[in-house]
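Remarks on the structure that follows.
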Amino acid sequence: MRAWVTQNGQNFLKFKRTNFHSIRRGCSSSPSIQDRDRCKTLGTSSYDLLQGRFMIPAQEVSTLVTANHMRVEELLSSLIKPASHLARPPISGYHVGAAGVGSSGAVYVGVNLEFPGAPLNNSIHAEQFLVANCILHGEESLSMLAVSAAPCGHCRQFYAELVHSDKVRFIFGEDATPRLLDDLLPSRFGPQDLSPDGPFPLLMQPHDNKVLYSKPTLKLLEERNEDTVFLSAAQAALKEAQKSYTPYTHSPSGASIITDGGHVFSGGYMESAAYNPSLSPFHAAYIHAVTGGMTGFSQIREVVLAEVKQGSAVYHKNNIKLLLKAVAPQANITVLNLQYKSGK
């Protein structure tokens with residue numbers, strides 16, 4: 001584990017290889033008779049099913065549950081342990097794994113991520129990672145998830161933003177009894193408390209924030225018009241800002257991470273009615289980067305942030321600079337100022 005948490009790409013891969021055979025021995029660290037029978041039936045471990053992936057396509061999920069006469073919730077529960085080995089918690093050393101099924105029938109993985117040297121409130125919880133992963137793949141809802149332990153209050157509050165949040169089933173604990181959000185967070189504060197003008201599209205529903213590049217930003221893009229990777233990152237950040245979930249502060253923003261290999265990963269801002277559980281655009285982009293194979297912070301070359309500066313209540317530049325100083329001091333940050341289209 002120590003080799004892995006250095007955030008060095010080579011050591012991270014070594015961690016995965018050295019643990020592979022031990023993980024294959026069972027579906028969990030202390031499998032029950034039923035678990036052992038299930039592994040024998042599958043003829044492979046759940047880690048083999050993931051193979052380092054953060055998503056299992058719907059067709060593969062259907063084939064697995066049909067061929068092995070298992071329920072989807074059994075598959076999700078069996079993926080918790082192998083998913084946790086994909087987590088990156090260099091501060092706590094506590095690995096959390098989550099697996100959920102989207103409206104398409106595909107299964108998604110979530111893990112916890114931590115930022116050494118930065119305040120703890122920058123940590124990403126596995127349940128948040130799972131939602132961002134679903135959104136990344138265009139899912140419109142999340143019906144069920146299994147997680148290592150009972151979701152913390154932070155995550156329960158975050159899930160109150162989801163469309164159909166009252167129907168999401170949570171599976172955890174020894175009895176694995178599905179629970180609803182009403183069971184986990186009764187009499188909760190949520191979107192309905194901050195919507196005086198009536199209901200609005202919730203998280204995982206389509207959003208269209210009518211923003212575009214400002215004139216200074218267009219000039220900057222022209223100056224870097226030969227840098228095709230940067231232009232791609234700028235366009236991705238703009239698109240993420242346009243579809244970001246920001247009903248409470250009306251501060252649309254998106255971010256892209258450019259790696260030293262020229263890959264681009266992006267994400268959009270996601271707000272919570274309770275504010276603190278909100279997920280910044282950089283955090284969402286980092287989740288995309290992890291699912292896309294970025295093995296360490298040292299691979300970040302530049303972060304491109306697109307946000308509306310004039311009239312917005314929230315800005316992300318300073319917090320991102322703080323994070324980069326702690327985990328990726330070699331990286332630059334470029335801010336693209338956005339503006340609302342006329343007639344907003």
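In the structure tokens, the first chain shown is A, the next is B, and so on; residue numbers restart at 1 for each chain, and ligands run from 1 in the order shown.
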
Review point. So which bits of stretch 68-98 of chain A end up helix (DSSP H, G or I) when you DSSP the backbone, as a PyMOL selection string?
Key: chain A and resi 72-84

Practice item. Pull the strand (DSSP E or B) assignments for stretch 60-193 of chain A out of DSSP run on the backbone, and list those residues as a ChimeraX atom specification. Key: /A:88,97-102,107-111,113,124,142-147,162,169-171,179

**Study point:** Atomic separation - atom CA of A:Asp166 relative to atom CA of A:Leu279, Å
**Key:**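 Interatomic distance here is 20.9 Å.
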
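The space between atom CA of A:Val229 and atom CA of A:Lys210 spans 24.4 Å.
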
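In this structure, atom CA of A:Ala237 sits 7.2 Å away from atom CA of A:Gly267.
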
Restrict the calculation to only C-alpha atoms, then for each residue of stretch 64-86 of chain A with any atom at most 9 Å from an atom of stretch 49-59 of chain A give the closest atom pair and their distance in Å to one decimal, rows by chain and rising residue number, as CSV.
residue,atom,partner,partner_atom,distance
A:Leu64,CA,A:Gln59,CA,8.6
A:Leu79,CA,A:Leu50,CA,7.9
A:Pro82,CA,A:Leu50,CA,7.6
A:Ala83,CA,A:Leu50,CA,7.8
A:Leu86,CA,A:Gly52,CA,7.3

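Nearest to A:Leu142 of all the residues A:Ala255, A:Leu185, A:Ile80, A:Val163 is A:Val163, counting only C-alpha atoms.
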
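All residues of protein, DNA or RNA that reach within 10 Å of A:Ala331, judged by only C-alpha atoms and not counting those fewer than 4 positions away in the chain, are Ile257, Ile258, Thr259, Asp260, Phe297, Ser298, Gln299, Ile300, Arg301, Glu302, Val303, Lys321, Leu324, Lys325 and Val327 of chain A.
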
**Study point:** Distance criterion (only C-alpha atoms): nearest to A:Met294 out of A:His69, A:Arg88, A:Arg224, A:Lys81
**Key:**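 Looking only at the distances to A:Met294, the closest residue turns out to be A:Arg88.
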
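Comparing the minimum interatomic distances between A:Met144 and each of A:Tyr108, A:Tyr286, A:Phe158, A:Tyr340, counting only C-alpha atoms, we find that A:Tyr108 sits nearest.
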
Check your understanding: Smallest atom-to-atom distance to A:Ser62: which of A:Ser244, A:Gln192, A:Ser104, A:Ser143, using only C-alpha atoms?
Key -> A:Ser104

Review point. Looking at A:Pro191, A:Gly105, A:Gly97, A:Gly117, which one is nearest to A:Pro151, with distances taken over only C-alpha atoms?
Key: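 Closest to A:Pro151 of all the choices is A:Gly97.
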
Practice item. Considering only C-alpha atoms, return as number ranges by chain whatever protein or nucleic-acid residues lie within 12 Å of A:Asn209, sequence-local ones (same chain, fewer than 2 positions apart) excluded. Key: A: 201, 206-207, 211-212, 238-247, 250-254, 268-269, 307-308, 338-341, 344
